[in-house]
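Asker: Just so it is clear, I am handing over data-v4.txt, which has compact mmCIF, C-alpha atoms and all ligand atoms.
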# COMPACT_ATOMS: atom_id res chain seq x y z
CA MET G 28 -8.52 -22.03 -3.17
CA ILE G 29 -6.68 -19.82 -5.67
CA ARG G 30 -8.66 -18.57 -8.66
CA CYS G 31 -7.82 -16.71 -11.85
CA VAL G 32 -9.54 -13.30 -11.87
CA SER G 33 -10.02 -13.47 -15.66
CA CYS G 34 -10.93 -17.03 -16.69
CA GLY G 35 -11.92 -18.48 -13.31
CA GLU G 36 -9.51 -21.42 -13.49
CA GLU G 37 -8.96 -22.81 -9.99
CA TYR G 38 -5.71 -23.89 -8.31
CA ASP G 39 -4.82 -25.59 -5.08
CA ASP G 40 -3.60 -23.41 -2.16
CA ASP G 41 -0.31 -25.28 -2.03
CA GLU G 42 0.70 -24.71 -5.62
CA VAL G 43 3.52 -22.20 -6.05
CA ILE G 44 1.93 -20.22 -8.80
CA TYR G 45 1.87 -16.50 -9.60
CA THR G 46 -0.20 -16.23 -12.78
CA CYS G 47 -2.87 -18.36 -14.45
CA GLU G 48 -1.45 -21.26 -16.45
CA LYS G 49 -4.38 -21.09 -18.85
CA CYS G 50 -4.66 -17.38 -19.64
CA GLY G 51 -1.72 -15.65 -17.94
CA SER G 52 -3.89 -13.40 -15.80
CA VAL G 53 -3.47 -12.59 -12.10
CA LEU G 54 -4.77 -14.84 -9.32
CA GLU G 55 -6.64 -14.28 -6.09
CA LEU G 56 -7.50 -16.27 -3.01
CA VAL G 57 -11.16 -17.14 -2.65
CA ASN G 58 -12.39 -17.26 0.91
CA GLU G 59 -15.68 -16.99 2.63
CA ILE G 60 -16.00 -15.58 6.10
CA ASP G 61 -18.00 -17.88 8.33
CA VAL G 62 -17.35 -16.32 11.73
CA SER G 63 -19.13 -13.59 13.64
CA LYS G 64 -17.35 -10.24 13.90
CA ASP G 65 -17.62 -10.46 17.68
CA ILE G 66 -14.75 -12.93 17.78
CA PHE G 67 -12.32 -10.11 16.85
CA ASP G 68 -13.22 -8.20 20.03
CA GLY G 69 -10.67 -8.16 22.81
CA ARG G 70 -7.85 -9.56 20.73
CA LYS G 71 -4.55 -7.70 20.38
CA ASP G 72 -5.02 -5.06 17.69
CA ASN G 73 -2.79 -6.31 14.95
CA LEU G 74 -3.85 -7.87 11.66
CA TRP G 75 -3.76 -11.42 13.02
CA LYS G 76 -6.82 -10.58 15.07
CA PHE G 77 -8.55 -11.38 11.77
CA LYS G 78 -6.77 -14.73 11.41
CA GLU G 79 -9.96 -16.64 10.59
CA CYS G 80 -10.19 -14.50 7.42
CA ILE G 81 -6.59 -15.03 6.31
CA PRO G 82 -6.02 -18.35 4.51
CA VAL G 83 -2.66 -19.48 5.90
CA ASP G 84 -1.55 -21.91 8.61
CA GLU G 85 -1.68 -20.00 11.89
CA THR G 86 0.98 -22.22 13.47
CA LYS G 87 3.51 -20.84 10.94
CA ILE G 88 2.91 -17.12 11.50
CA VAL G 89 5.90 -14.79 11.04
CA SER G 90 4.89 -11.49 12.59
CA LEU G 91 6.33 -8.20 13.81
CA ASP G 92 2.99 -7.07 15.25
CA GLU G 93 1.90 -5.27 12.07
CA GLY G 94 -1.47 -3.66 11.41
CA GLY G 95 -3.68 -1.98 13.98
CA THR G 96 -2.37 1.34 12.66
CA PRO G 97 -3.61 4.80 13.74
CA PHE G 98 -6.88 6.04 12.27
CA CYS G 99 -6.70 9.80 12.73
CA LYS G 100 -9.65 12.12 12.37
CA CYS G 101 -8.30 15.20 10.63
CA ASP G 102 -10.75 18.02 11.33
CA LYS G 103 -8.52 20.96 10.41
CA LEU G 104 -7.75 19.63 6.96
CA GLY G 105 -11.21 18.13 6.59
CA ASP G 106 -12.94 21.44 7.39
CA GLU G 107 -10.68 23.23 4.93
CA LEU G 108 -11.77 20.82 2.20
CA GLY G 109 -15.39 20.49 3.32
CA VAL G 110 -15.25 16.76 4.01
CA ASN G 111 -15.28 14.44 7.01
CA LEU G 112 -11.68 13.25 6.83
CA TYR G 113 -9.92 10.30 8.41
CA VAL G 114 -6.35 9.33 7.67
CA LYS G 115 -5.16 5.72 8.01
CA VAL G 116 -1.50 5.99 8.95
CA GLU G 117 0.28 2.98 7.45
CA GLY G 118 3.71 4.48 8.15
CA SER G 119 3.18 3.21 11.71
CA ASN G 120 3.78 -0.39 10.65
CA PRO G 121 7.02 -2.09 11.86
CA THR G 122 9.17 -1.12 8.86
CA GLY G 123 7.22 2.05 8.12
CA SER G 124 4.86 1.07 5.31
CA PHE G 125 1.75 -1.03 4.62
CA LYS G 126 3.97 -3.58 2.85
CA ASP G 127 4.41 -5.24 6.27
CA ARG G 128 0.79 -6.37 6.16
CA GLY G 129 1.41 -8.19 2.93
CA MET G 130 4.75 -9.51 4.04
CA THR G 131 3.63 -11.07 7.31
CA VAL G 132 1.11 -13.17 5.37
CA GLY G 133 3.42 -13.80 2.41
CA MET G 134 6.25 -14.87 4.71
CA THR G 135 3.90 -17.12 6.67
CA LYS G 136 2.94 -18.79 3.38
CA ALA G 137 6.66 -19.13 2.52
CA MET G 138 7.18 -21.00 5.81
CA GLU G 139 4.14 -23.17 5.10
CA LEU G 140 5.57 -24.05 1.67
CA GLY G 141 8.99 -24.71 3.20
CA VAL G 142 10.96 -22.47 0.84
CA SER G 143 14.52 -21.41 1.69
CA THR G 144 14.91 -18.26 -0.43
CA VAL G 145 12.58 -15.32 -0.97
CA GLY G 146 12.93 -12.42 -3.35
CA CYS G 147 11.36 -9.27 -4.71
CA ALA G 148 11.92 -6.36 -7.03
CA SER G 149 11.10 -3.13 -5.32
CA THR G 150 10.83 0.63 -5.53
CA GLY G 151 12.03 0.43 -1.91
CA ASN G 152 9.37 -0.38 0.65
CA THR G 153 8.73 -3.96 -0.44
CA SER G 154 12.44 -4.68 -0.08
CA ALA G 155 12.63 -2.97 3.31
CA SER G 156 9.74 -5.06 4.53
CA LEU G 157 10.79 -8.33 2.92
CA SER G 158 14.32 -8.13 4.29
CA ALA G 159 13.03 -7.59 7.83
CA TYR G 160 10.54 -10.46 7.66
CA ALA G 161 13.07 -12.76 5.98
CA ALA G 162 15.48 -12.02 8.83
CA ARG G 163 12.77 -12.90 11.35
CA ALA G 164 11.95 -16.08 9.47
CA GLY G 165 15.61 -16.98 8.95
CA LEU G 166 15.38 -17.21 5.16
CA ARG G 167 17.76 -16.07 2.44
CA CYS G 168 16.52 -12.84 0.83
CA ILE G 169 17.31 -11.47 -2.63
CA VAL G 170 16.30 -7.93 -3.57
CA PHE G 171 16.42 -6.10 -6.92
CA LEU G 172 16.26 -2.31 -6.78
CA PRO G 173 16.17 0.15 -9.69
CA SER G 174 19.59 1.80 -9.61
CA GLY G 175 19.64 5.28 -8.08
CA LYS G 176 15.87 5.51 -7.68
CA VAL G 177 15.32 4.18 -4.17
CA ALA G 178 14.75 6.55 -1.25
CA LEU G 179 17.54 6.52 1.31
CA GLY G 180 15.63 5.16 4.30
CA LYS G 181 14.34 2.17 2.35
CA LEU G 182 17.77 1.33 0.99
CA ALA G 183 19.21 1.50 4.51
CA GLN G 184 16.57 -0.94 5.74
CA ALA G 185 17.05 -3.49 2.97
CA MET G 186 20.82 -3.46 3.42
CA PHE G 187 20.78 -3.43 7.21
CA HIS G 188 18.44 -6.39 7.64
CA GLY G 189 20.85 -8.48 5.62
CA ALA G 190 19.18 -8.92 2.23
CA GLU G 191 21.39 -9.59 -0.78
CA VAL G 192 20.70 -6.33 -2.55
CA MET G 193 21.30 -5.88 -6.25
CA SER G 194 21.12 -2.50 -7.91
CA ILE G 195 19.61 -3.11 -11.33
CA ASN G 196 20.43 -0.89 -14.28
CA GLY G 197 16.86 -0.30 -15.32
CA ASN G 198 13.55 0.83 -13.88
CA PHE G 199 11.26 -1.05 -11.48
CA ASP G 200 9.28 -2.73 -14.26
CA GLU G 201 12.47 -4.20 -15.72
CA ALA G 202 13.73 -5.29 -12.31
CA LEU G 203 10.42 -7.04 -11.63
CA GLU G 204 10.48 -8.82 -14.96
CA ALA G 205 13.95 -10.21 -14.18
CA MET G 206 12.98 -11.22 -10.63
CA THR G 207 9.81 -12.91 -11.88
CA ALA G 208 11.77 -14.90 -14.44
CA LEU G 209 14.07 -16.21 -11.68
CA ALA G 210 11.05 -17.11 -9.55
CA LEU G 211 9.50 -19.05 -12.43
CA GLU G 212 12.79 -20.97 -12.71
CA LYS G 213 12.17 -21.80 -9.02
CA HIS G 214 15.33 -20.16 -7.68
CA LEU G 215 13.25 -18.29 -5.12
CA TYR G 216 9.76 -17.62 -3.81
CA LEU G 217 8.49 -14.33 -5.23
CA LEU G 218 7.02 -11.90 -2.73
CA ASN G 219 5.96 -9.07 -4.98
CA SER G 220 2.27 -8.21 -4.93
CA ILE G 221 1.59 -10.48 -7.89
CA ASN G 222 1.78 -13.13 -5.17
CA PRO G 223 -1.87 -13.25 -4.06
CA TYR G 224 -0.94 -13.97 -0.42
CA ARG G 225 0.53 -10.48 -0.17
CA LEU G 226 -2.89 -9.04 -0.90
CA GLU G 227 -4.48 -11.27 1.74
CA GLY G 228 -2.47 -9.30 4.29
CA GLN G 229 -3.08 -5.92 2.74
CA LYS G 230 -6.84 -6.43 2.59
CA THR G 231 -6.84 -5.94 6.37
CA ILE G 232 -6.44 -2.18 5.74
CA GLY G 233 -10.02 -2.39 4.44
CA TYR G 234 -11.07 -4.48 7.44
CA GLU G 235 -9.60 -1.97 9.88
CA ILE G 236 -11.04 1.12 8.19
CA VAL G 237 -14.60 -0.16 8.47
CA ARG G 238 -13.99 -1.51 11.95
CA ASP G 239 -12.50 1.84 13.04
CA LEU G 240 -15.58 3.64 11.71
CA GLY G 241 -17.79 1.49 13.93
CA TRP G 242 -18.58 -1.17 11.31
CA GLN G 243 -19.41 1.31 8.59
CA ALA G 244 -17.79 2.02 5.27
CA PRO G 245 -16.63 5.54 4.46
CA ASP G 246 -18.16 7.06 1.31
CA ARG G 247 -14.76 6.90 -0.29
CA ILE G 248 -11.28 5.44 0.23
CA ILE G 249 -8.50 7.36 -1.49
CA LEU G 250 -4.99 5.97 -1.93
CA PRO G 251 -1.91 6.16 -4.14
CA VAL G 252 -1.65 3.55 -6.89
CA GLY G 253 1.63 2.16 -8.21
CA ASN G 254 1.74 -1.54 -8.96
CA ALA G 255 -1.99 -1.47 -8.10
CA GLY G 256 -1.99 -4.29 -5.56
CA ASN G 257 -3.08 -2.26 -2.57
CA ILE G 258 -6.24 -0.74 -4.04
CA SER G 259 -7.22 -4.25 -5.17
CA ALA G 260 -6.50 -5.67 -1.72
CA ILE G 261 -8.41 -3.02 0.22
CA TRP G 262 -11.42 -3.50 -2.07
CA LYS G 263 -11.24 -7.25 -1.49
CA GLY G 264 -11.19 -6.65 2.26
CA VAL G 265 -14.20 -4.35 2.40
CA LYS G 266 -16.12 -6.57 0.02
CA GLU G 267 -15.46 -9.64 2.19
CA PHE G 268 -16.81 -7.82 5.24
CA TYR G 269 -19.77 -6.61 3.18
CA ASP G 270 -20.52 -10.13 1.95
CA ALA G 271 -20.24 -11.38 5.52
CA GLY G 272 -22.86 -8.82 6.56
CA PHE G 273 -20.49 -6.86 8.84
CA ILE G 274 -21.16 -3.60 6.94
CA LYS G 275 -24.11 -2.39 4.88
CA ASP G 276 -22.43 -0.15 2.30
CA LEU G 277 -19.32 -0.18 0.17
CA PRO G 278 -16.86 2.68 -0.37
CA MET G 279 -15.95 4.22 -3.72
CA MET G 280 -12.38 3.14 -4.39
CA THR G 281 -10.39 6.12 -5.60
CA GLY G 282 -6.88 5.60 -6.93
CA ILE G 283 -4.41 8.47 -7.35
CA GLN G 284 -1.38 8.29 -9.62
CA ALA G 285 1.50 10.62 -10.37
CA GLU G 286 1.13 12.44 -13.67
CA GLY G 287 4.38 10.93 -14.96
CA ALA G 288 3.36 7.36 -14.10
CA CYS G 289 -0.37 7.05 -14.64
CA PRO G 290 -1.32 3.98 -16.70
CA VAL G 291 -4.28 3.15 -14.44
CA THR G 292 -5.77 6.66 -14.66
CA ASN G 293 -5.28 6.61 -18.44
CA ALA G 294 -7.19 3.34 -18.67
CA PHE G 295 -9.93 4.61 -16.35
CA ARG G 296 -10.42 7.71 -18.49
CA LYS G 297 -10.97 5.50 -21.53
CA GLY G 298 -13.12 2.99 -19.68
CA ASP G 299 -10.60 0.22 -20.43
CA LYS G 300 -10.12 -2.95 -18.37
CA ARG G 301 -6.36 -3.16 -18.95
CA VAL G 302 -3.60 -0.55 -18.94
CA VAL G 303 -1.30 0.44 -21.73
CA PRO G 304 2.11 0.53 -20.01
CA VAL G 305 3.80 3.92 -19.61
CA GLU G 306 7.29 3.58 -21.06
CA ASN G 307 9.50 5.82 -18.93
CA PRO G 308 7.61 6.44 -15.69
CA GLU G 309 8.90 9.44 -13.77
CA THR G 310 7.88 11.04 -10.48
CA ILE G 311 9.42 12.25 -7.26
CA ALA G 312 7.09 9.77 -5.53
CA THR G 313 9.42 6.82 -6.18
CA ALA G 314 7.08 4.30 -4.51
CA ILE G 315 4.59 4.77 -7.35
CA ARG G 316 7.10 5.23 -10.16
CA ILE G 317 5.70 2.24 -12.05
CA GLY G 318 4.70 2.02 -15.71
CA ALA G 319 3.31 -1.51 -16.02
CA PRO G 320 1.26 -2.32 -12.91
CA VAL G 321 0.81 -6.08 -12.49
CA SER G 322 -2.56 -5.80 -10.73
CA ASP G 323 -4.13 -3.51 -13.33
CA ILE G 324 -7.09 -5.82 -13.97
CA LYS G 325 -7.93 -6.12 -10.29
CA ALA G 326 -7.48 -2.41 -9.64
CA LEU G 327 -9.65 -1.31 -12.56
CA ASN G 328 -12.30 -3.83 -11.53
CA ALA G 329 -12.21 -2.38 -8.01
CA ILE G 330 -12.64 1.16 -9.34
CA TYR G 331 -15.47 0.27 -11.74
CA ASP G 332 -17.29 -2.10 -9.37
CA SER G 333 -17.24 0.43 -6.54
CA ASN G 334 -18.33 3.35 -8.71
CA GLY G 335 -14.93 4.83 -7.86
CA TYR G 336 -12.55 7.12 -9.67
CA SER G 337 -8.94 7.66 -10.70
CA GLU G 338 -7.07 10.92 -11.04
CA THR G 339 -3.50 12.14 -11.47
CA VAL G 340 -1.55 14.70 -9.49
CA THR G 341 1.68 16.53 -10.32
CA ASP G 342 4.88 16.20 -8.30
CA GLU G 343 4.35 19.77 -7.13
CA GLU G 344 0.86 18.94 -5.86
CA ILE G 345 2.29 15.89 -4.10
CA LEU G 346 4.98 17.90 -2.32
CA ASP G 347 2.46 20.61 -1.33
CA ALA G 348 0.09 18.00 0.09
CA GLN G 349 2.93 16.28 1.95
CA LYS G 350 3.78 19.55 3.67
CA LEU G 351 0.12 20.42 4.28
CA LEU G 352 -0.57 17.13 6.06
CA ALA G 353 2.62 17.40 8.12
CA ARG G 354 1.96 20.98 9.15
CA THR G 355 -1.79 21.02 9.73
CA GLU G 356 -2.23 17.56 11.21
CA GLY G 357 1.23 16.46 12.37
CA ILE G 358 1.25 13.40 10.13
CA GLY G 359 4.55 12.86 8.33
CA VAL G 360 4.37 10.75 5.19
CA GLU G 361 6.58 10.00 2.20
CA PRO G 362 5.75 11.63 -1.16
CA ALA G 363 3.79 8.69 -2.67
CA SER G 364 1.50 8.64 0.35
CA ALA G 365 0.79 12.34 -0.01
CA ALA G 366 -0.67 11.61 -3.45
CA SER G 367 -3.85 10.54 -1.65
CA ILE G 368 -4.18 13.94 0.03
CA ALA G 369 -3.24 15.79 -3.17
CA GLY G 370 -5.81 13.69 -5.01
CA LEU G 371 -8.50 14.47 -2.45
CA LYS G 372 -7.84 18.20 -2.86
CA LYS G 373 -8.04 17.96 -6.61
CA LEU G 374 -11.23 15.89 -6.59
CA VAL G 375 -12.90 18.36 -4.21
CA ASP G 376 -11.94 21.19 -6.60
CA GLU G 377 -13.27 19.21 -9.57
CA GLY G 378 -16.53 18.42 -7.78
CA VAL G 379 -15.99 14.66 -7.98
CA VAL G 380 -15.94 14.51 -4.19
CA ASP G 381 -19.12 15.98 -2.71
CA LYS G 382 -19.11 18.29 0.28
CA GLY G 383 -19.67 16.41 3.50
CA GLU G 384 -18.46 13.05 2.21
CA THR G 385 -16.79 10.78 4.73
CA ILE G 386 -13.36 10.10 3.30
CA THR G 387 -10.54 7.85 4.37
CA CYS G 388 -7.17 8.67 2.87
CA VAL G 389 -4.67 5.86 3.22
CA VAL G 390 -1.18 7.26 3.75
CA THR G 391 1.06 4.40 2.86
CA GLY G 392 4.58 5.10 4.14
CA HIS G 393 6.45 7.15 6.73
CA LEU G 394 8.11 10.54 6.20
CA LEU G 395 11.51 9.15 7.27
CA LYS G 396 11.56 6.76 4.33
CA ASP G 397 12.66 9.60 2.08
CA PRO G 398 14.64 12.07 4.20
CA ASN G 399 16.34 13.70 1.22
CA THR G 400 13.09 14.87 -0.36
CA ALA G 401 11.89 16.15 3.02
CA ILE G 402 15.07 18.14 3.62
CA ASP G 403 15.08 19.55 0.09
CA ALA G 404 11.53 20.82 0.65
CA CYS G 405 12.54 22.97 3.62
CA THR G 406 14.72 26.01 4.19
CA LYS G 407 17.91 25.16 5.99
CA PRO G 408 18.05 25.87 9.73
CA THR G 409 19.95 29.06 10.59
CA GLU G 410 23.29 28.45 12.21
CA VAL G 411 23.82 30.45 15.39
CA ASP G 412 26.06 30.41 18.42
CA ALA G 413 24.56 29.28 21.71
CA ASP G 414 24.43 32.87 22.88
CA ILE G 415 21.23 33.79 24.70
CA ASP G 416 21.21 37.45 23.60
CA THR G 417 21.55 36.59 19.93
CA LEU G 418 18.97 33.81 20.22
CA ARG G 419 16.49 36.04 22.04
CA GLU G 420 16.85 38.69 19.38
CA ILE G 421 16.18 36.19 16.62
CA LEU G 422 13.08 34.83 18.37
CA MET G 423 11.64 38.25 19.05
CA ASN G 424 12.14 39.35 15.46
CA LYS G 425 10.21 36.41 13.99
C1 LIG G 501 4.04 0.17 -2.51
C2 LIG G 501 3.64 1.56 -2.19
C3 LIG G 501 2.60 2.22 -2.86
C4 LIG G 501 1.89 1.61 -4.02
O1 LIG G 501 1.13 0.49 -3.71
P1 LIG G 501 0.72 -0.53 -4.90
O2 LIG G 501 0.14 -1.66 -4.21
O3 LIG G 501 2.00 -0.84 -5.61
O4 LIG G 501 -0.22 0.22 -5.78
C5 LIG G 501 2.24 3.47 -2.45
N1 LIG G 501 2.89 4.09 -1.42
C6 LIG G 501 3.89 3.50 -0.78
C7 LIG G 501 4.57 4.24 0.32
C8 LIG G 501 4.31 2.22 -1.13
O5 LIG G 501 5.33 1.67 -0.47
ZN ZN G 502 -6.96 -17.63 -16.27
Would you write out, as C-alpha cells, the structure that this file holds?

Answerer:
Amino acid sequence: MIRCVSCGEEYDDDEVIYTCEKCGSVLELVNEIDVSKDIFDGRKDNLWKFKECIPVDETKIVSLDEGGTPFCKCDKLGDELGVNLYVKVEGSNPTGSFKDRGMTVGMTKAMELGVSTVGCASTGNTSASLSAYAARAGLRCIVFLPSGKVALGKLAQAMFHGAEVMSINGNFDEALEAMTALALEKHLYLLNSINPYRLEGQKTIGYEIVRDLGWQAPDRIILPVGNAGNISAIWKGVKEFYDAGFIKDLPMMTGIQAEGACPVTNAFRKGDKRVVPVENPETIATAIRIGAPVSDIKALNAIYDSNGYSETVTDEEILDAQKLLARTEGIGVEPASAASIAGLKKLVDEGVVDKGETITCVVTGHLLKDPNTAIDACTKPTEVDADIDTLREILMNK
C-alpha cells in the first residue's frame, strides 16, 4: 500500500502516482516485516537478500548486483576525531553511487507496471544510474541535466549507456519541475526520488549498516542531503528493522548540507516542518546543489523523530574532508559525499557529537565521478625524463 505522509490517504500499489491527490504531499510505501532476520543469512550479499522487505514483484527484478557495499572501520580518522567511525562506501555500487539501490527497485517496479519509457532530472548520479538500468531493462530513457553543472564522469555514464540526454538551461530544481510535468502527462515513468519505490531500494543502506554492526544501530548516521530522499530512506530502513525487533536502538539521523544550498538545515534551525526553497543554490558539491528538496517533509521528520541534527559545511571544508578521507583511509569519494565527513568534524568541534560515539558516515558516490575537481585539488605531477639518475636525485631530495 502507498500512503500519503501528510494526510494519510491510501493508494493502491499499482497506481502510477507521485504525490497525494488530496493534499499534494509526498507518498511512501507501507510495509510490515513478517520474516525472521535469519532468512537473510547465507544469501548473496546484495540488496535483494532483503527481498521479503521490498514491495515489488521478485520475478521482474532488474539488477546489476547492487548493495552489499563495503563498511570500513576508520580508526585513524576516528581516533583523530575521538569517535568510533565506520564509513559505508556507496561509491562501490555498479555505477558508483547509492542511486543504484533506488534504481534497481524503481526499474523493477517499471517492469511490473509495463511502462516503455523512463525519465529523470538529475544532478548527475541519478541519470548515470537510470541510464544503466534502463539499458539492462531495455527501456527508452530520457534524462534532463542542468546545463554545465554535471560532473564529467556522470555525464559520460548517462551518454554512454544510451539515454536521450537533454541539457536544460536552468538549475536542477527547474529541470525536475519540467520532467515531473511530462511524467504527469504520462509521457514517461518518473524515476526521481519523489517516486517512493526509489526509497524502498535506498532504505537498504539502513538495513546493511545495522546488519554490518552485528544487528545494532550506530549512535548516529551522518550523510549529505540534497533532494533529501536518502536520509528519509535510511531512516525508514532502520525503523522497519527496529519495529521488526531486529535492533533495540535507533540512530540519530544527521543531515549535512552545503552552505550555499541548505534549505533543510535552515528549516531545522527554526524547528520548521517544511523548507523555504533556496533560490540560487551553489556549491562545488554538485550532487547536493539543490534548492527545493522534494522529500523535505520526510527528511525533517526523520531528523526530529530520531533526535538528530542538521548542519552546513563550506565548499572549502568539503574539499578538505575529501582529501583527508582519501589520504588517511584510502577512500576516494566525490565532493558531496565528503560533506558527511566534513559535517562530522564540525559537529565534533561544536560538541554536538560526543566523544566515543559510534558513527556511520555514508559516503554516497565515487571519487571518479568528478575527476576535474579531484585534479584541480592537487598539484600537477612533475614532468621528468625516464633517466634513472635524475629520478633518483628527485626521490632522495624529497
Ligand atoms: C543524490 C546524491 C546525494 C543526495 O542524496 P538525496 O537523496 O538527494 O538527498 C548525495 N551524494 C551523492 C553522491 C548523490 O549522488
Ligand atoms: Zn495527502

Asker: With only C-alpha atoms as the counted atoms, please give the residues lying no more than 9 Å from Phe67 of chain G, apart from itself and same-chain residues fewer than 4 positions off, as a PyMOL selection string.

Answerer: chain G and resi 63+71-72+76-77

Asker: Mind running segment 150-234 of chain G against segment 47-50 of chain G at 12 Å and telling me each contacting residue's nearest atom pair with the distance in Å (one decimal), counting only C-alpha atoms, chain and number ascending, as CSV?

Answerer:
residue,atom,partner,partner_atom,distance
G:Leu211,CA,G:Glu48,CA,11.9
G:Ile221,CA,G:Cys47,CA,11.2
G:Asn222,CA,G:Cys47,CA,11.6
G:Pro223,CA,G:Cys47,CA,11.6

Asker: Set the distance at 7 Å and use only C-alpha atoms: which residues neighbour Ile283 of chain G once local chain neighbours fewer than 4 positions away are removed? I'd like the list as a PyMOL selection string.

Answerer: chain G and resi 250-252+337-339+366-367+370

Asker: Please, which residues have at least one atom within 8 Å of an atom of ligand LIG 501 (chain G), using only C-alpha atoms and all ligand atoms, listed as an NGL selection string?

Answerer: :G and (118 or 124-126 or 150-153 or 220 or 250-259 or 314-315 or 320 or 361-364 or 390-393)

Asker: What does the structure give for the distance between atom CA of Tyr331 of chain G and atom CA of Val32 of chain G, in Å to one decimal?

Answerer: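 Computing it gives 14.8 Å between the two atoms.
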
Asker: Dump the neighbourhood of ligand ZN 502 (chain G) as a PyMOL selection string: all residues within 12 Å, distances computed on all atoms listed in the file.

Answerer: chain G and resi 29-38+44-55

Asker: Please identify all polymer residues within 7 Å of segment 242-246 of chain G, counting only C-alpha atoms, omitting same-chain residues fewer than 6 positions from it, and present them as a list in words.

Answerer: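 My reading of the contact set: Phe273, Ile274, Asp276, Leu277, Pro278, Met279, Glu384, Thr385, Ile386 and Thr387 of chain G.
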
Asker: Need to verify the contact set: Gly318 of chain G, 10 Å, all atoms listed in the file, exclusion of same-chain residues closer than 2 positions in sequence. Can you return it as a list in words?

Answerer: Asn198, Phe199, Asp200, Glu201, Gly253, Asn254, Gly287, Ala288, Cys289, Pro290, Val291, Val302, Val303, Pro304, Val305, Glu306, Asn307, Pro308, Glu309, Ile315, Arg316, Pro320 and Val321 of chain G

Asker: Between atom CA of Asn334 of chain G and atom CA of Gln349 of chain G, what is the spacing in Å?

Answerer: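 Pair atom CA of Gln349 of chain G / atom CA of Asn334 of chain G returns 27.1 Å.
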
Asker: Between G:Leu56, G:Val114, G:Met206, G:Leu351, which has the minimum distance to Glu227 of chain G (counting all atoms listed in the file)?

Answerer: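 Checking each candidate against Glu227 of chain G, we get G:Leu56 as the closest.
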
Asker: Tell me, in Å to one decimal, how far atom CA of Glu267 of chain G is from atom CA of Gly69 of chain G.

Answerer: 21.2 Å

Asker: Find, counting all atoms listed in the file, the residue in G:His214, G:Lys350, G:Lys263, G:Lys425 that gets nearest to Ala329 of chain G.

Answerer: G:Lys263

Asker: Restricting the calculation to all atoms listed in the file: of G:Phe268, G:Ile368, G:Arg301, G:Lys325, which residue gets closest to Gln284 of chain G?

Answerer: G:Ile368

Asker: Can you tell me, as a PyMOL selection string, what residues are no more than 9 Å from Ile81 of chain G when counting all atoms listed in the file, ignoring any on the same chain fewer than 6 positions away?

Answerer: chain G and resi 58+75+132+224+227-228

Asker: For each of G:Asp40, G:Asp61, G:Asp412, G:Glu191, take the minimum atom-to-atom distance to Leu166 of chain G, counting all atoms listed in the file, then give the residue where this is smallest.

Answerer: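 Among G:Asp40, G:Asp61, G:Asp412, G:Glu191, it is G:Glu191 that comes nearest to Leu166 of chain G.
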
Asker: Residues of segment 220-316 of chain G within 9 Å of segment 82-100 of chain G: nearest atom pair and distance (Å, one decimal) for each, counting only C-alpha atoms, sorted by chain and number, as CSV?

Answerer:
residue,atom,partner,partner_atom,distance
G:Tyr224,CA,G:Pro82,CA,8.3
G:Glu227,CA,G:Pro82,CA,7.8
G:Thr231,CA,G:Gly94,CA,7.7
G:Ile232,CA,G:Gly94,CA,7.7
G:Glu235,CA,G:Gly95,CA,7.2
G:Ile236,CA,G:Phe98,CA,7.6
G:Asp239,CA,G:Phe98,CA,7.1

Asker: Could you write out that same residue set with C-alpha atoms as a CSV table (one decimal), keeping the file's coordinate frame?

Answerer:
chain,number,residue,atom,x,y,z
G,224,TYR,CA,-0.9,-14.0,-0.4
G,227,GLU,CA,-4.5,-11.3,1.7
G,231,THR,CA,-6.8,-5.9,6.4
G,232,ILE,CA,-6.4,-2.2,5.7
G,235,GLU,CA,-9.6,-2.0,9.9
G,236,ILE,CA,-11.0,1.1,8.2
G,239,ASP,CA,-12.5,1.8,13.0

Asker: Kindly provide, as a PyMOL selection string, the polymer residues lying within 9 Å of (18.2, 0.1, -7.5), counting all atoms listed in the file and using the coordinates exactly as they appear in the file.

Answerer: chain G and resi 149-151+171-177+182+192-199+202
